[in-house]
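Only one structure is covered here, and it is reproduced in the block below.
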4 protein chains.
Amino acid sequence: MAIVLGPHRYGKAETRLVRVTRDGETHTLTDLNVSIALSGDLAATHLTGDNSGVLPTDTMKNTVYAFAKKHGVGEPEEFALLLARHFLKTQGQVRAARVAIEAYGWDRLGPHSFRRQGGWTRVAEVVAMAERAQVVSGVTGLTLLNSTASEFHGFVRDRYTTLPETTDRILATAVDARWRHLGTEADWAASFDGALHALTNAFVNTYSLSLQQTLFAMGSYALHERPEIAEIRLALPNKHHYLVDLSVFDLTNDNEVFIAGDRPYGLIEGTVTRDDAPPALTEWYL
Amino acid sequence: MAIVLGPHRYGKAETRLVRVTRDGETHTLTDLNVSIALSGDLAATHLTGDNSGVLPTDTMKNTVYAFAKKHGVGEPEEFALLLARHFLKTQGQVRAARVAIEAYGWDRLGPHSFRRQGGWTRVAEVVAMAERAQVVSGVTGLTLLNSTASEFHGFVRDRYTTLPETTDRILATAVDARWRHLGTEADWAASFDGALHALTNAFVNTYSLSLQQTLFAMGSYALHERPEIAEIRLALPNKHHYLVDLSVFDLTNDNEVFIAGDRPYGLIEGTVTRDDAPPALTEWYL
Amino acid sequence: MAIVLGPHRYGKAETRLVRVTRDGETHTLTDLNVSIALSGDLAATHLTGDNSGVLPTDTMKNTVYAFAKKHGVGEPEEFALLLARHFLKTQGQVRAARVAIEAYGWDRLGPHSFRRQGGWTRVAEVVAMAERAQVVSGVTGLTLLNSTASEFHGFVRDRYTTLPETTDRILATAVDARWRHLGTEADWAASFDGALHALTNAFVNTYSLSLQQTLFAMGSYALHERPEIAEIRLALPNKHHYLVDLSVFDLTNDNEVFIAGDRPYGLIEGTVTRDDAPPALTEWYL
Amino acid sequence: MAIVLGPHRYGKAETRLVRVTRDGETHTLTDLNVSIALSGDLAATHLTGDNSGVLPTDTMKNTVYAFAKKHGVGEPEEFALLLARHFLKTQGQVRAARVAIEAYGWDRLGPHSFRRQGGWTRVAEVVAMAERAQVVSGVTGLTLLNSTASEFHGFVRDRYTTLPETTDRILATAVDARWRHLGTEADWAASFDGALHALTNAFVNTYSLSLQQTLFAMGSYALHERPEIAEIRLALPNKHHYLVDLSVFDLTNDNEVFIAGDRPYGLIEGTVTRDDAPPALTEWYL
């Protein structure tokens, strides 16, 4: 038996880039948080501290800023592909380059004036390897609520079950979604907007008997609407809204007054996929 | 010399209330975080644990939910006034009741469907005392950015000053503002919207030589636009965007590529007031 | 009626300083977060953008780092006094300089090795004005819990009161305390340690009929133990632990199984003071 | 081509449990955050809203509290095993049950008095399946710093590299570690303490040429010391401390004054494993 190095990667996380594009009087703003991770033949630095194969993470940061000037940024998927392919191509010891980007939205207030949105964050995650690359897009923090059209009953009851059945409840969640693209070329802006709208519309329009049902409806509809997507993963916290018992105060509460709970919360996670989707290029470790 | 009790107050903080109003098929949603603090003749519980003058904070929470049903919620200023006056009126030992509310905005997606906004939070703080009440409204987390039309020069230089002067920089801040109303009756929704727009417009339209100048412009314009406001306090972090030196990579950077800094940050705080504004009812302690 | 500038201040917030003192092989570590705010004759920059009285906040940051080298850091109160007096002395337009410091503790693991503590944060806030200076010390995030020796009963009951009385409950809080010193010279380390122990011991040893009673006991004991302290302010969230009703599962729960609640929480705030304490130099605004 | 359901799971996240054990006058405190996720034959609820195989997440929460009373809690690994096996055994449709626990440490101040630690959090993650179970232990938020004995040089330089080589720097990280046990029986408390000390000691005692080298030393030493561990994963942010250039103020800075940076940060991730370790029972999805 020996103790050996297993999977490993390294990089610069959370490089904060704001890129202004000045088109005459009218400016455009891109606001990104870029995280880079490289993997490959990096055993030496782990075993002996020999850094001859280690590109400094400081250099990765510099590259983000230099490329933002040299090539512009464009859509986050594009910029992630550009960066990932650069590190793969120029660093022979690297076998996989992962670039993950969070993009913060801003509303235009004037030619050079903006107000930051806060409702949700767009994300993109690219992995580039010798043979091919993989693009994942997504959204986090998209908080949706239906104040009715949600039931929950017919569930398993065991000796620890006290939950009453309900035919009318609030259903609320903060959508965390990632979808894998079939290819590496797309109209990324249209694809993201389309997926976002599909997810939102499916949430709104599904009469829900469980958050699982809503999850599957959201994923299916996104795949149905966006042929460029191979599969989608959703993590949906069930943001519980507890009906307040007002009867002790001689008041009725017909689903009008709720406590918005913090913890605990249900957490429903699932993947919806095309049955002929090609396998993913990589799992967590590159 | 003796050791004595000084100013004190107590209450229930952060009661999370979601109120659904069902107007036939179309629902309305109000999402609040309510904090209550009472002060008055409360020495006994401090000195001997005699709670005969202490309304439990649990009761305050119950009252929030019961009132939400009984009276509805309306604008946050109204609901805060209602609650504050209730505690003042019904608890003889209470001399001041403070109710602070955060109101989270939701966009409508359908008759009973909503998406939470995230850009900023509306706040209201009411203090009710025997003689009168005071209403403060405000906003937090309103993040604004001008990508030009901001200069900073002509400042003091001492031996620790290394900052270069600039005639073109990004100016960005996350507005934290509170404005005190002259009275306790107003069209609170219109007042808030008007103040928010005044603050935003002044930020956008001020050619800025310092964030202080922008602060005063924002406060003045809000007072100019909204006659119901006596004074306004602004706390404006200077969210620094550092120009990246790309010259080492043979690239120019004409105010295009920036690092969005986290810490440290400038913090500019100030009050703008009418010179005939009546004094505030109360400072921090009730 | 005119719209005018009211109280105002500005400065650099959250300058993160780590200072290593190398005493041969053995190093000492100081880890601070320094926030500076200056006030005085600063109307011009607000009204016209004339910055001739504005020392850049960037210079304040530089001064923190330069002074850390030149003078060393010592206790946070000392370093805050040093910085505040520097700005007051060298900037004629400044009438009050406020320096607030958070100090993060580290445990020693070896001559040059450390593990960051996380239990609580020590704070110091100094205001320097022409005539004199004021030193406030404090602690935040000190979370204490008694699993018994806490009762709550005999309180006011109104129609919204449903809370049962109890003679045995968990009492838990996260202490946020600030104490004002009588002078500007002290053995700051001993003073802080003494105050911290006094607060902690009073919490532990008080058989509590209300958190207010515990608050007063904590403040009194700190003043009793530390003659250099004029007054102390405490903000004590009542971190509720709800007894779980296990009777439906045919289990008793003799104060053994609790839900640790997040929100809402009680918030008990109060000042304990010497009756001959001189007035504070300044309130919130400098 | 069809759109189908892929891997999925659901459960109750972040059930906050405080368990007091009353051994006469002396109490013991356990403070946990319990997250449960079940997977198996759960297609029906996704596809049609048929909940006949869905144990409510509310029931999972109840079970946590009931079991805390009935069986006690013990070490987090034990409690997680107990809960996971319960759900696996009693719910025929469940094929894998995952229970993840965060355990918050408290220092004893008296027979029934405690102060919450804050330095790091102990975690345990159990997956139970029909054939066997898997236990992972870990720690998060363990922040360690060496103020010297760290170098970084000999790295790759490309056209975007500006980082100077150094033979003396601060090395600091916040350890996030998970280690998989070979079996499901162990002295969990001793195992955790041993692993924690091994990780800490290896950090302290490794003269570091790269954080990767330190990572491997930490993992190897933990495996060397604890024969019950099969493999360990480490995610080590490189918490950069930037040396301040004080030469412009005519001051030297011999590794004494540093800026503690927030973002970006390096992120070094790796696994250290026994070469004969059996494969893991499961990856992310159960």
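Residues in the structure tokens are named by chain (A, B, ... in the order shown) and by number from 1 within that chain; ligands are numbered from 1 in the order shown.
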
Residues of chain C no more than 9 Å from chain A, counting only C-alpha atoms: send them over as a list in words.
-> Arg159, Tyr160, Thr162, Val248, Phe249, Gly261, Asp262 and Arg263 of chain C

Spatial neighbours of Val94 in chain D, 9 Å, only C-alpha atoms, chain gap at least 2 places, as a VMD selection string = chain D and resid 38 to 42 53 87 to 92 96 to 97 129

Using backbone DSSP assignments, extract all strand (DSSP E or B) residues from range 28-229 of chain C; output them as a ChimeraX atom specification.
-> /C:28-40,94-103,106-110,113-116,121-129,133-146,150,152,166,171-181,208,229

Could the residues in this selection be saved with C-alpha atoms as a PDB file, in the first residue's frame?
ATOM      1  CA  THR C  28       3.592  37.846  16.294  1.00  0.00           C
ATOM      2  CA  LEU C  29       0.512  38.440  14.174  1.00  0.00           C
ATOM      3  CA  THR C  30      -1.963  41.314  14.237  1.00  0.00           C
ATOM      4  CA  ASP C  31      -4.971  41.120  11.941  1.00  0.00           C
ATOM      5  CA  LEU C  32      -7.112  44.250  11.693  1.00  0.00           C
ATOM      6  CA  ASN C  33      -9.910  45.794   9.704  1.00  0.00           C
ATOM      7  CA  VAL C  34      -9.543  49.582   9.946  1.00  0.00           C
ATOM      8  CA  SER C  35     -12.257  52.119   9.086  1.00  0.00           C
ATOM      9  CA  ILE C  36     -11.593  55.850   9.168  1.00  0.00           C
ATOM     10  CA  ALA C  37     -14.058  58.759   8.982  1.00  0.00           C
ATOM     11  CA  LEU C  38     -13.205  62.445   9.065  1.00  0.00           C
ATOM     12  CA  SER C  39     -15.548  65.351   9.574  1.00  0.00           C
ATOM     13  CA  GLY C  40     -15.100  69.101   9.665  1.00  0.00           C
ATOM     14  CA  VAL C  94     -10.807  68.246  10.198  1.00  0.00           C
ATOM     15  CA  ARG C  95     -12.615  68.747  13.488  1.00  0.00           C
ATOM     16  CA  ALA C  96     -13.210  65.128  14.384  1.00  0.00           C
ATOM     17  CA  ALA C  97     -11.457  61.961  13.315  1.00  0.00           C
ATOM     18  CA  ARG C  98     -13.044  58.591  13.971  1.00  0.00           C
ATOM     19  CA  VAL C  99     -11.133  55.334  13.657  1.00  0.00           C
ATOM     20  CA  ALA C 100     -12.934  52.025  14.145  1.00  0.00           C
ATOM     21  CA  ILE C 101     -11.019  48.768  14.231  1.00  0.00           C
ATOM     22  CA  GLU C 102     -12.041  45.138  14.204  1.00  0.00           C
ATOM     23  CA  ALA C 103      -9.318  42.829  15.506  1.00  0.00           C
ATOM     24  CA  TRP C 106      -5.322  34.014  16.086  1.00  0.00           C
ATOM     25  CA  ASP C 107      -4.086  31.130  18.233  1.00  0.00           C
ATOM     26  CA  ARG C 108      -0.402  30.341  18.140  1.00  0.00           C
ATOM     27  CA  LEU C 109       0.510  26.937  16.695  1.00  0.00           C
ATOM     28  CA  GLY C 110       4.255  27.447  16.422  1.00  0.00           C
ATOM     29  CA  SER C 113       2.226  29.451  12.675  1.00  0.00           C
ATOM     30  CA  PHE C 114      -1.272  30.497  13.628  1.00  0.00           C
ATOM     31  CA  ARG C 115      -4.900  29.337  13.527  1.00  0.00           C
ATOM     32  CA  ARG C 116      -7.608  31.951  13.269  1.00  0.00           C
ATOM     33  CA  THR C 121     -14.280  39.818  17.349  1.00  0.00           C
ATOM     34  CA  ARG C 122     -12.722  42.567  19.416  1.00  0.00           C
ATOM     35  CA  VAL C 123     -13.513  46.111  18.348  1.00  0.00           C
ATOM     36  CA  ALA C 124     -12.243  49.586  19.197  1.00  0.00           C
ATOM     37  CA  GLU C 125     -13.636  52.960  18.158  1.00  0.00           C
ATOM     38  CA  VAL C 126     -11.785  56.193  18.789  1.00  0.00           C
ATOM     39  CA  VAL C 127     -12.941  59.733  18.141  1.00  0.00           C
ATOM     40  CA  ALA C 128     -10.363  62.494  18.390  1.00  0.00           C
ATOM     41  CA  MET C 129     -11.350  66.158  18.577  1.00  0.00           C
ATOM     42  CA  ALA C 133     -10.465  62.045  22.537  1.00  0.00           C
ATOM     43  CA  GLN C 134     -12.866  59.266  23.370  1.00  0.00           C
ATOM     44  CA  VAL C 135     -12.136  55.557  23.379  1.00  0.00           C
ATOM     45  CA  VAL C 136     -14.779  52.884  23.033  1.00  0.00           C
ATOM     46  CA  SER C 137     -13.923  49.190  23.174  1.00  0.00           C
ATOM     47  CA  GLY C 138     -16.174  46.264  22.494  1.00  0.00           C
ATOM     48  CA  VAL C 139     -16.864  42.776  21.339  1.00  0.00           C
ATOM     49  CA  THR C 140     -19.195  41.289  18.719  1.00  0.00           C
ATOM     50  CA  GLY C 141     -20.318  37.764  17.998  1.00  0.00           C
ATOM     51  CA  LEU C 142     -19.673  36.326  21.448  1.00  0.00           C
ATOM     52  CA  THR C 143     -22.276  33.576  21.508  1.00  0.00           C
ATOM     53  CA  LEU C 144     -23.201  32.308  24.952  1.00  0.00           C
ATOM     54  CA  LEU C 145     -25.759  29.746  26.081  1.00  0.00           C
ATOM     55  CA  ASN C 146     -27.155  28.525  29.372  1.00  0.00           C
ATOM     56  CA  SER C 150     -33.501  30.715  32.862  1.00  0.00           C
ATOM     57  CA  PHE C 152     -39.708  33.674  31.781  1.00  0.00           C
ATOM     58  CA  THR C 166     -41.757  28.729  31.541  1.00  0.00           C
ATOM     59  CA  LEU C 171     -31.075  31.270  27.204  1.00  0.00           C
ATOM     60  CA  ALA C 172     -28.709  32.069  24.353  1.00  0.00           C
ATOM     61  CA  THR C 173     -27.390  35.260  22.850  1.00  0.00           C
ATOM     62  CA  ALA C 174     -24.685  36.660  20.602  1.00  0.00           C
ATOM     63  CA  VAL C 175     -23.232  39.493  22.641  1.00  0.00           C
ATOM     64  CA  ASP C 176     -22.668  42.794  20.866  1.00  0.00           C
ATOM     65  CA  ALA C 177     -21.188  45.198  23.404  1.00  0.00           C
ATOM     66  CA  ARG C 178     -19.466  48.592  23.376  1.00  0.00           C
ATOM     67  CA  TRP C 179     -18.017  50.263  26.413  1.00  0.00           C
ATOM     68  CA  ARG C 180     -16.817  53.828  26.682  1.00  0.00           C
ATOM     69  CA  HIS C 181     -13.669  54.493  28.659  1.00  0.00           C
ATOM     70  CA  SER C 208     -32.197  34.718  34.725  1.00  0.00           C
ATOM     71  CA  ILE C 229     -15.186  52.129  32.005  1.00  0.00           C
TER      72      ILE C 229
END

Could you pull the residues within 7 Å of range 190-205 of chain D, counting only C-alpha atoms, minus those fewer than 3 positions along the same chain, as a list in words?
->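 After dropping sequence-adjacent residues, the list is Ser113 of chain C; Asn146, Asp187, Thr214, Ala217, Met218, Gly219, Tyr221, Ala222, Glu225 and Arg226 of chain D.
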
Based on the selection just made, write all heavy atoms of those residues as a CSV table (one decimal), in the first residue's frame.
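And here is the file that came out, selection_39.csv:
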chain,number,residue,atom,x,y,z
C,113,SER,N,3.4,30.1,13.2
C,113,SER,CA,2.2,29.5,12.7
C,113,SER,C,1.0,29.8,13.6
C,113,SER,O,1.2,29.8,14.8
C,113,SER,CB,2.4,27.9,12.7
C,113,SER,OG,3.5,27.6,11.8
D,146,ASN,N,1.0,30.5,8.0
D,146,ASN,CA,2.4,30.6,8.3
D,146,ASN,C,3.0,31.9,7.9
D,146,ASN,O,2.8,32.3,6.7
D,146,ASN,CB,3.2,29.4,7.6
D,146,ASN,CG,3.0,28.1,8.2
D,146,ASN,OD1,2.7,28.0,9.4
D,146,ASN,ND2,3.0,27.0,7.4
D,187,ASP,N,-13.9,4.9,16.1
D,187,ASP,CA,-14.0,5.8,17.2
D,187,ASP,C,-14.0,7.2,16.6
D,187,ASP,O,-13.0,7.8,16.3
D,187,ASP,CB,-12.8,5.7,18.2
D,187,ASP,CG,-12.9,6.7,19.3
D,187,ASP,OD1,-13.6,7.7,19.2
D,187,ASP,OD2,-12.2,6.4,20.3
D,214,THR,N,2.0,21.7,0.1
D,214,THR,CA,1.4,21.7,1.4
D,214,THR,C,0.2,20.8,1.4
D,214,THR,O,0.0,20.1,2.3
D,214,THR,CB,1.1,23.1,1.9
D,214,THR,OG1,2.4,23.8,2.0
D,214,THR,CG2,0.4,23.2,3.2
D,217,ALA,N,1.2,17.2,1.4
D,217,ALA,CA,1.7,16.9,2.8
D,217,ALA,C,0.6,16.7,3.8
D,217,ALA,O,0.7,15.8,4.6
D,217,ALA,CB,2.7,18.0,3.2
D,218,MET,N,-0.4,17.6,3.7
D,218,MET,CA,-1.5,17.5,4.7
D,218,MET,C,-2.3,16.2,4.5
D,218,MET,O,-2.6,15.5,5.4
D,218,MET,CB,-2.4,18.7,4.5
D,218,MET,CG,-1.8,20.0,4.9
D,218,MET,SD,-2.7,21.5,4.4
D,218,MET,CE,-4.1,21.4,5.6
D,219,GLY,N,-2.6,15.9,3.2
D,219,GLY,CA,-3.3,14.7,2.9
D,219,GLY,C,-2.6,13.5,3.3
D,219,GLY,O,-3.1,12.5,3.9
D,221,TYR,N,-0.1,13.0,5.4
D,221,TYR,CA,0.1,12.9,6.8
D,221,TYR,C,-1.2,12.4,7.5
D,221,TYR,O,-1.2,11.5,8.4
D,221,TYR,CB,0.6,14.2,7.4
D,221,TYR,CG,1.1,14.0,8.8
D,221,TYR,CD1,2.1,13.1,9.1
D,221,TYR,CD2,0.6,14.8,9.9
D,221,TYR,CE1,2.6,12.9,10.4
D,221,TYR,CE2,1.1,14.6,11.2
D,221,TYR,CZ,2.0,13.7,11.4
D,221,TYR,OH,2.5,13.5,12.7
D,222,ALA,N,-2.3,12.9,7.0
D,222,ALA,CA,-3.6,12.5,7.6
D,222,ALA,C,-3.8,11.0,7.3
D,222,ALA,O,-4.2,10.2,8.2
D,222,ALA,CB,-4.8,13.3,7.0
D,225,GLU,N,-1.4,8.9,9.5
D,225,GLU,CA,-1.8,8.9,10.9
D,225,GLU,C,-3.0,8.1,11.2
D,225,GLU,O,-3.2,7.6,12.3
D,225,GLU,CB,-1.9,10.3,11.4
D,225,GLU,CG,-0.7,11.1,11.5
D,225,GLU,CD,0.2,10.6,12.7
D,225,GLU,OE1,-0.2,10.7,13.8
D,225,GLU,OE2,1.3,10.0,12.3
D,226,ARG,N,-3.9,8.1,10.2
D,226,ARG,CA,-5.3,7.5,10.4
D,226,ARG,C,-5.5,6.4,9.5
D,226,ARG,O,-6.0,6.5,8.4
D,226,ARG,CB,-6.3,8.6,10.3
D,226,ARG,CG,-6.2,9.9,11.1
D,226,ARG,CD,-6.1,9.7,12.6
D,226,ARG,NE,-7.0,8.7,13.1
D,226,ARG,CZ,-7.1,8.4,14.4
D,226,ARG,NH1,-6.2,8.9,15.3
D,226,ARG,NH2,-8.0,7.6,14.9

Between CA of Glu269 in chain B and CA of Glu78 in chain B - distance in Å to one decimal = 28.0 Å

Using CA of Asp158 in chain C and CA of Val54 in chain B as the two end points, give the distance in Å to one decimal.
-> 10.9 Å

What is the distance between CA of Val73 in chain A and CA of Gly11 in chain A, in Å to one decimal?
->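 That distance, rounded to one decimal, is 20.0 Å.
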
Step one, run DSSP on the backbone; step two, keep only residues of range 105-252 of chain B assigned to helix (DSSP H, G or I); then write them as a PyMOL selection string.
-> chain B and resi 188-205+211-225+247-249

Excluding His112 in chain A and residues on its chain fewer than 3 positions from it, collect all residues at most 6 Å away from it, counting only C-alpha atoms, and give them as a count of residues only.
-> 4

Taking into account only C-alpha atoms, which residue in the set B:Gly270, B:Pro56, B:Ile3, B:Leu209 is nearest to Phe155 in chain B?
-> B:Leu209
